[in-house]
$ cat data.cif   # mmCIF, C-alpha atoms
data_entry
#
loop_
_atom_site.group_PDB
_atom_site.id
_atom_site.type_symbol
_atom_site.label_atom_id
_atom_site.label_comp_id
_atom_site.auth_asym_id
_atom_site.auth_seq_id
_atom_site.Cartn_x
_atom_site.Cartn_y
_atom_site.Cartn_z
ATOM 1 C CA MET A 58 113.382 95.536 121.356
ATOM 2 C CA GLN A 59 111.627 92.595 119.745
ATOM 3 C CA PHE A 60 109.341 92.863 116.736
ATOM 4 C CA ARG A 61 106.077 90.976 116.505
ATOM 5 C CA ASP A 62 106.709 89.972 112.893
ATOM 6 C CA ARG A 63 108.239 91.308 109.672
ATOM 7 C CA ARG A 64 105.175 93.383 108.864
ATOM 8 C CA GLN A 65 105.355 95.286 112.136
ATOM 9 C CA ALA A 66 109.116 95.671 111.757
ATOM 10 C CA GLY A 67 108.606 97.049 108.257
ATOM 11 C CA GLY A 68 106.067 99.529 109.538
ATOM 12 C CA ARG A 69 108.437 100.854 112.187
ATOM 13 C CA LEU A 70 111.278 101.057 109.701
ATOM 14 C CA ALA A 71 109.011 102.855 107.247
ATOM 15 C CA GLU A 72 108.195 105.577 109.773
ATOM 16 C CA VAL A 73 111.875 106.413 110.182
ATOM 17 C CA LEU A 74 112.356 106.425 106.435
ATOM 18 C CA ARG A 75 109.278 108.615 105.970
ATOM 19 C CA THR A 76 110.863 111.170 108.283
ATOM 20 C CA ARG A 77 114.021 111.081 106.182
ATOM 21 C CA GLN A 78 111.880 111.445 103.065
ATOM 22 C CA GLY A 79 110.229 114.516 104.567
ATOM 23 C CA GLU A 80 113.680 115.961 105.181
ATOM 24 C CA GLY A 81 114.472 115.600 101.485
ATOM 25 C CA ALA A 82 117.012 112.793 101.979
ATOM 26 C CA LEU A 83 115.210 110.214 99.817
ATOM 27 C CA PRO A 84 114.330 111.821 96.472
ATOM 28 C CA ASP A 85 112.740 109.553 93.856
ATOM 29 C CA PRO A 86 112.906 106.420 96.034
ATOM 30 C CA LEU A 87 112.874 102.849 94.754
ATOM 31 C CA VAL A 88 112.757 99.955 97.215
ATOM 32 C CA LEU A 89 114.734 96.790 96.501
ATOM 33 C CA ALA A 90 113.981 94.020 98.980
ATOM 34 C CA LEU A 91 116.129 90.948 99.551
ATOM 35 C CA PRO A 92 113.970 87.823 99.288
ATOM 36 C CA ARG A 93 112.586 86.093 100.929
ATOM 37 C CA GLY A 94 112.309 87.720 104.372
ATOM 38 C CA GLY A 95 113.234 91.221 103.290
ATOM 39 C CA VAL A 96 110.261 91.423 100.930
ATOM 40 C CA ALA A 97 107.743 91.384 103.787
ATOM 41 C CA VAL A 98 109.621 94.287 105.378
ATOM 42 C CA GLY A 99 110.143 96.085 102.079
ATOM 43 C CA ARG A 100 106.455 95.942 101.207
ATOM 44 C CA GLU A 101 105.622 98.109 104.214
ATOM 45 C CA VAL A 102 108.449 100.525 103.411
ATOM 46 C CA ALA A 103 107.348 100.887 99.789
ATOM 47 C CA ARG A 104 103.716 101.412 100.819
ATOM 48 C CA VAL A 105 104.497 104.194 103.288
ATOM 49 C CA LEU A 106 106.964 105.940 100.979
ATOM 50 C CA ASP A 107 104.666 105.466 97.959
ATOM 51 C CA ALA A 108 107.648 103.989 96.131
ATOM 52 C CA PRO A 109 108.027 101.138 93.636
ATOM 53 C CA LEU A 110 108.962 97.773 95.120
ATOM 54 C CA ASP A 111 111.106 95.160 93.428
ATOM 55 C CA VAL A 112 113.409 92.343 94.463
ATOM 56 C CA LEU A 113 117.159 92.043 94.529
ATOM 57 C CA VAL A 114 118.038 88.363 94.707
ATOM 58 C CA VAL A 115 121.281 87.700 96.565
ATOM 59 C CA ARG A 116 122.586 84.244 97.375
ATOM 60 C CA LYS A 117 124.905 83.355 100.195
ATOM 61 C CA ILE A 118 127.822 81.097 99.295
ATOM 62 C CA GLY A 119 128.342 78.490 101.985
ATOM 63 C CA ALA A 120 131.406 76.443 102.757
ATOM 64 C CA PRO A 121 131.400 73.121 100.862
ATOM 65 C CA PHE A 122 131.350 71.085 104.080
ATOM 66 C CA GLN A 123 128.880 73.328 105.946
ATOM 67 C CA GLU A 124 126.363 75.275 103.890
ATOM 68 C CA GLU A 125 125.259 77.479 106.781
ATOM 69 C CA LEU A 126 128.787 78.805 107.192
ATOM 70 C CA GLY A 127 128.842 81.736 104.775
ATOM 71 C CA VAL A 128 132.082 82.487 102.953
ATOM 72 C CA GLY A 129 130.691 84.888 100.362
ATOM 73 C CA ALA A 130 127.654 86.104 98.440
ATOM 74 C CA MET A 131 126.623 87.136 94.948
ATOM 75 C CA ALA A 132 124.004 89.257 93.229
ATOM 76 C CA GLY A 133 122.931 89.380 89.595
ATOM 77 C CA ASP A 134 125.636 88.295 87.177
ATOM 78 C CA GLU A 135 128.370 89.836 89.303
ATOM 79 C CA VAL A 136 131.528 87.963 90.235
ATOM 80 C CA PRO A 137 130.947 86.418 93.691
ATOM 81 C CA LEU A 138 132.156 88.512 96.606
ATOM 82 C CA LEU A 139 134.219 86.119 98.709
ATOM 83 C CA ASP A 140 135.511 86.423 102.256
ATOM 84 C CA GLU A 141 139.196 85.813 101.621
ATOM 85 C CA ASP A 142 140.068 85.788 105.319
ATOM 86 C CA ALA A 143 137.445 83.126 106.032
ATOM 87 C CA LEU A 144 138.592 80.990 103.101
ATOM 88 C CA ARG A 145 142.191 81.228 104.234
ATOM 89 C CA HIS A 146 141.264 80.374 107.832
ATOM 90 C CA LEU A 147 139.232 77.350 106.698
ATOM 91 C CA GLY A 148 141.820 76.219 104.193
ATOM 92 C CA ILE A 149 139.385 76.378 101.270
ATOM 93 C CA GLY A 150 140.588 77.217 97.785
ATOM 94 C CA GLU A 151 138.310 79.038 95.328
ATOM 95 C CA ALA A 152 138.285 75.966 93.083
ATOM 96 C CA ALA A 153 136.494 74.018 95.822
ATOM 97 C CA LEU A 154 133.707 76.599 95.764
ATOM 98 C CA ALA A 155 132.980 76.182 92.049
ATOM 99 C CA PRO A 156 130.146 73.627 92.507
ATOM 100 C CA VAL A 157 128.602 75.723 95.286
ATOM 101 C CA ILE A 158 128.744 78.886 93.192
ATOM 102 C CA GLU A 159 127.233 77.111 90.190
ATOM 103 C CA ARG A 160 124.358 75.782 92.294
ATOM 104 C CA GLU A 161 123.673 79.137 93.945
ATOM 105 C CA ARG A 162 123.856 80.954 90.611
ATOM 106 C CA ALA A 163 121.201 78.617 89.215
ATOM 107 C CA GLU A 164 118.955 79.234 92.240
ATOM 108 C CA LEU A 165 119.500 82.991 91.933
ATOM 109 C CA ARG A 166 118.360 82.934 88.299
ATOM 110 C CA ARG A 167 115.395 80.705 89.124
ATOM 111 C CA ARG A 168 114.172 83.143 91.747
ATOM 112 C CA GLU A 169 114.717 86.193 89.548
ATOM 113 C CA HIS A 170 112.719 84.580 86.751
ATOM 114 C CA LEU A 171 109.947 83.497 89.111
ATOM 115 C CA TYR A 172 109.607 86.725 91.072
ATOM 116 C CA ARG A 173 109.812 89.099 88.108
ATOM 117 C CA GLU A 174 107.470 87.038 85.923
ATOM 118 C CA GLY A 175 109.109 88.262 82.737
ATOM 119 C CA ARG A 176 109.547 91.866 83.868
ATOM 120 C CA PRO A 177 112.982 93.387 83.304
ATOM 121 C CA ALA A 178 115.052 94.454 86.270
ATOM 122 C CA PRO A 179 114.286 98.066 87.225
ATOM 123 C CA ASP A 180 116.485 100.867 85.945
ATOM 124 C CA LEU A 181 118.192 102.266 89.040
ATOM 125 C CA ARG A 182 119.816 105.285 87.415
ATOM 126 C CA GLY A 183 118.952 108.528 89.178
ATOM 127 C CA HIS A 184 116.906 106.880 91.932
ATOM 128 C CA THR A 185 117.481 106.776 95.649
ATOM 129 C CA VAL A 186 117.672 103.009 96.006
ATOM 130 C CA ILE A 187 116.639 101.681 99.409
ATOM 131 C CA VAL A 188 117.935 98.153 99.938
ATOM 132 C CA VAL A 189 115.806 96.420 102.579
ATOM 133 C CA ASP A 190 116.335 93.189 104.512
ATOM 134 C CA ASP A 191 114.743 91.762 107.651
ATOM 135 C CA GLY A 192 118.054 91.860 109.511
ATOM 136 C CA LEU A 193 121.836 91.801 109.162
ATOM 137 C CA ALA A 194 124.042 89.309 110.959
ATOM 138 C CA THR A 195 127.401 89.331 109.166
ATOM 139 C CA GLY A 196 126.354 91.701 106.383
ATOM 140 C CA SER A 197 127.832 89.520 103.609
ATOM 141 C CA THR A 198 124.665 89.368 101.510
ATOM 142 C CA ALA A 199 123.913 93.048 102.092
ATOM 143 C CA ARG A 200 127.404 94.019 100.985
ATOM 144 C CA ALA A 201 127.032 92.035 97.735
ATOM 145 C CA ALA A 202 123.652 93.686 97.185
ATOM 146 C CA LEU A 203 124.960 97.191 97.783
ATOM 147 C CA ARG A 204 127.926 96.768 95.478
ATOM 148 C CA TYR A 205 125.635 95.438 92.766
ATOM 149 C CA VAL A 206 123.304 98.419 93.191
ATOM 150 C CA ARG A 207 126.159 100.916 93.222
ATOM 151 C CA ARG A 208 127.297 99.723 89.806
ATOM 152 C CA GLN A 209 123.875 100.607 88.349
ATOM 153 C CA ALA A 210 124.518 104.350 88.858
ATOM 154 C CA PRO A 211 121.783 105.290 91.353
ATOM 155 C CA ALA A 212 121.724 108.803 92.763
ATOM 156 C CA ARG A 213 121.944 107.502 96.326
ATOM 157 C CA VAL A 214 122.060 104.144 98.109
ATOM 158 C CA VAL A 215 120.422 103.534 101.495
ATOM 159 C CA LEU A 216 120.516 100.298 103.462
ATOM 160 C CA ALA A 217 117.568 99.790 105.801
ATOM 161 C CA ALA A 218 116.861 96.942 108.219
ATOM 162 C CA PRO A 219 114.944 96.569 111.485
ATOM 163 C CA VAL A 220 117.820 94.880 113.341
ATOM 164 C CA CYS A 221 121.565 94.578 112.706
ATOM 165 C CA SER A 222 124.599 93.356 114.529
ATOM 166 C CA PRO A 223 126.743 96.378 115.439
ATOM 167 C CA GLU A 224 129.624 94.943 113.418
ATOM 168 C CA ALA A 225 127.550 94.522 110.255
ATOM 169 C CA ALA A 226 126.026 97.987 110.574
ATOM 170 C CA GLU A 227 129.474 99.515 110.899
ATOM 171 C CA LEU A 228 130.809 97.593 107.891
ATOM 172 C CA MET A 229 127.890 98.724 105.726
ATOM 173 C CA ARG A 230 128.734 102.385 106.315
ATOM 174 C CA ALA A 231 131.523 101.958 103.766
ATOM 175 C CA GLU A 232 129.095 100.532 101.192
ATOM 176 C CA ALA A 233 125.989 102.744 101.485
ATOM 177 C CA ASP A 234 125.428 106.485 101.629
ATOM 178 C CA GLU A 235 123.240 105.931 104.685
ATOM 179 C CA VAL A 236 122.556 102.973 106.970
ATOM 180 C CA ILE A 237 119.277 102.944 108.871
ATOM 181 C CA CYS A 238 118.943 100.214 111.483
ATOM 182 C CA LEU A 239 116.364 100.456 114.265
ATOM 183 C CA HIS A 240 118.060 98.128 116.718
ATOM 184 C CA ARG A 241 121.731 97.180 117.113
ATOM 185 C CA PRO A 242 121.891 94.739 120.038
ATOM 186 C CA THR A 243 125.374 94.072 121.368
ATOM 187 C CA ALA A 244 124.454 90.434 122.092
ATOM 188 C CA PHE A 245 123.112 89.858 118.588
ATOM 189 C CA MET A 246 123.457 86.092 117.988
ATOM 190 C CA ALA A 247 120.832 85.706 115.191
ATOM 191 C CA VAL A 248 118.257 87.788 113.308
ATOM 192 C CA GLY A 249 115.363 85.501 114.209
ATOM 193 C CA LEU A 250 115.818 86.065 117.948
ATOM 194 C CA TRP A 251 114.566 89.630 117.530
ATOM 195 C CA TYR A 252 111.199 88.564 116.123
ATOM 196 C CA GLU A 253 108.365 86.839 117.956
ATOM 197 C CA ASN A 254 107.235 85.335 114.650
ATOM 198 C CA PHE A 255 110.069 84.592 112.249
ATOM 199 C CA GLU A 256 108.550 81.889 110.081
ATOM 200 C CA GLN A 257 110.276 81.044 106.831
ATOM 201 C CA LEU A 258 108.583 82.650 103.844
ATOM 202 C CA THR A 259 107.832 80.896 100.566
ATOM 203 C CA ASP A 260 108.059 81.906 96.932
ATOM 204 C CA ARG A 261 104.283 82.373 97.012
ATOM 205 C CA ASP A 262 104.635 84.833 99.918
ATOM 206 C CA VAL A 263 107.131 86.856 97.870
ATOM 207 C CA LEU A 264 104.879 86.924 94.816
ATOM 208 C CA GLU A 265 101.874 88.004 96.877
ATOM 209 C CA ALA A 266 103.898 90.825 98.442
ATOM 210 C CA LEU A 267 105.029 92.045 95.045
ATOM 211 C CA HIS A 268 101.537 91.883 93.592
ATOM 212 C CA VAL A 269 100.319 94.254 96.277
ATOM 213 C CA GLN A 270 102.621 96.856 94.752
ATOM 214 C CA LEU A 271 102.361 96.060 91.043
#

$ encode --input "data.cif" --output "structure tokens"
Amino acid sequence: MQFRDRRQAGGRLAEVLRTRQGEGALPDPLVLALPRGGVAVGREVARVLDAPLDVLVVRKIGAPFQEELGVGAMAGDEVPLLDEDALRHLGIGEAALAPVIERERAELRRREHLYREGRPAPDLRGHTVIVVDDGLATGSTARAALRYVRRQAPARVVLAAPVCSPEAAELMRAEADEVICLHRPTAFMAVGLWYENFEQLTDRDVLEALHVQL
């Protein structure tokens, strides 16, 4: 299975979620999309479910010597969720991550301020919160997002993505009440391989997606 782009993937994901909504499994839904890529998927989900759409900014924490090598993630003002096994294997102490965490925290706040345009974060209490991303590789950012959401006292937490590695999908079962993933390829490798068009989105793309809903 390969998706044409995030919009098509979001439409397919939305159909599955609409079925679950019809079964009564998604009362009072609120969609939180992980920017940037997850917002294009989440927009389609929110449209089909007739649900509010907002963003949940999560930042990956990369190793000091190799930013693409994720060793943790953080959401909101929460304490960063670090991969202790990875840090131990790489010989990295938490003190060495301090500059990385400070930089990522600043970028997280910049994006929250930009995307929300002065709006407060949504009140999640009592909602079925559907956390949407365009795909899960390791699941580190999704796990940070789900734990952040769980602390806001929602009625139910659902993780939804078009494509996930089997390992990440299995790990997320301990964090969400339900995990919905359309495709779990055994030879996963990277999220972008499962899209024909996986161009990087911009802040403007995120704002335009949100304005469709607001």

$ resolve_selection --input "data.cif" --expression "the PyMOL selection byres ((chain A and resi 195-208) around 6)" --output "VMD selection string"
chain A and resid 130 to 132 193 to 194 209 to 210 225

$ write_last_selection --input "data.cif" --atoms "C-alpha atoms" --output "CSV table (one decimal), in the coordinates of the input"
chain,number,residue,atom,x,y,z
A,130,ALA,CA,127.7,86.1,98.4
A,131,MET,CA,126.6,87.1,94.9
A,132,ALA,CA,124.0,89.3,93.2
A,193,LEU,CA,121.8,91.8,109.2
A,194,ALA,CA,124.0,89.3,111.0
A,209,GLN,CA,123.9,100.6,88.3
A,210,ALA,CA,124.5,104.4,88.9
A,225,ALA,CA,127.6,94.5,110.3

$ atom_distance --input "data.cif" --atom1 "atom CA of A:Val112" --atom2 "atom CA of A:Pro156"
25.2 Å

$ closest_atom_pairs --input "data.cif" --of "stretch 177-265 of chain A" --to "stretch 157-171 of chain A" --cutoff "9 Å" --atoms "all atoms listed in the file" --output "tab-separated table"
residue	atom	partner	partner_atom	distance
A:Ala178	CA	A:Glu169	CA	8.9
A:Asp260	CA	A:Arg168	CA	8.1
A:Leu264	CA	A:Leu171	CA	8.4

$ closest_residue --input "data.cif" --among "A:Thr259, A:Gln59, A:Gln78, A:Gln123" --to "A:Asp107" --atoms "all atoms listed in the file"
A:Gln78

$ resolve_selection --input "data.cif" --expression "the PyMOL selection byres ((chain A and resi 74) around 12)" --output "VMD selection string"
chain A and resid 67 to 73 75 to 84 86 88 99 101 to 108 185 187 to 189 215 to 219 235 to 239

$ resolve_selection --input "data.cif" --expression "the PyMOL selection byres ((chain A and resi 266) around 10)" --output "short mmCIF file (atom, residue, chain, number, x, y, z; two decimals) with C-alpha atoms, keeping the file's coordinate frame"
data_model
loop_
_atom_site.label_atom_id
_atom_site.label_comp_id
_atom_site.auth_asym_id
_atom_site.auth_seq_id
_atom_site.Cartn_x
_atom_site.Cartn_y
_atom_site.Cartn_z
CA VAL A 96 110.26 91.42 100.93
CA ALA A 97 107.74 91.38 103.79
CA VAL A 98 109.62 94.29 105.38
CA GLY A 99 110.14 96.08 102.08
CA ARG A 100 106.46 95.94 101.21
CA GLU A 101 105.62 98.11 104.21
CA LEU A 110 108.96 97.77 95.12
CA ASP A 111 111.11 95.16 93.43
CA ASP A 260 108.06 81.91 96.93
CA ARG A 261 104.28 82.37 97.01
CA ASP A 262 104.64 84.83 99.92
CA VAL A 263 107.13 86.86 97.87
CA LEU A 264 104.88 86.92 94.82
CA GLU A 265 101.87 88.00 96.88
CA LEU A 267 105.03 92.04 95.04
CA HIS A 268 101.54 91.88 93.59
CA VAL A 269 100.32 94.25 96.28
CA GLN A 270 102.62 96.86 94.75
CA LEU A 271 102.36 96.06 91.04
#

$ atom_distance --input "data.cif" --atom1 "atom CA of A:Leu250" --atom2 "atom CA of A:Asp142"
27.3 Å

$ atom_distance --input "data.cif" --atom1 "atom CA of A:Tyr172" --atom2 "atom CA of A:Pro109"
14.7 Å

$ residues_around --input "data.cif" --residues "stretch 241-243 of chain A" --least-positions-apart "2" --cutoff "8 Å" --atoms "only C-alpha atoms" --output "PyMOL selection string"
chain A and resi 220-223+226+238-239+245

$ residues_near_point --input "data.cif" --point "(135.0, 82.6, 106.2)" --cutoff "12 Å" --atoms "only C-alpha atoms" --output "MDAnalysis selection string"
chainID A and resid 117:121 123:130 138:151 195 197
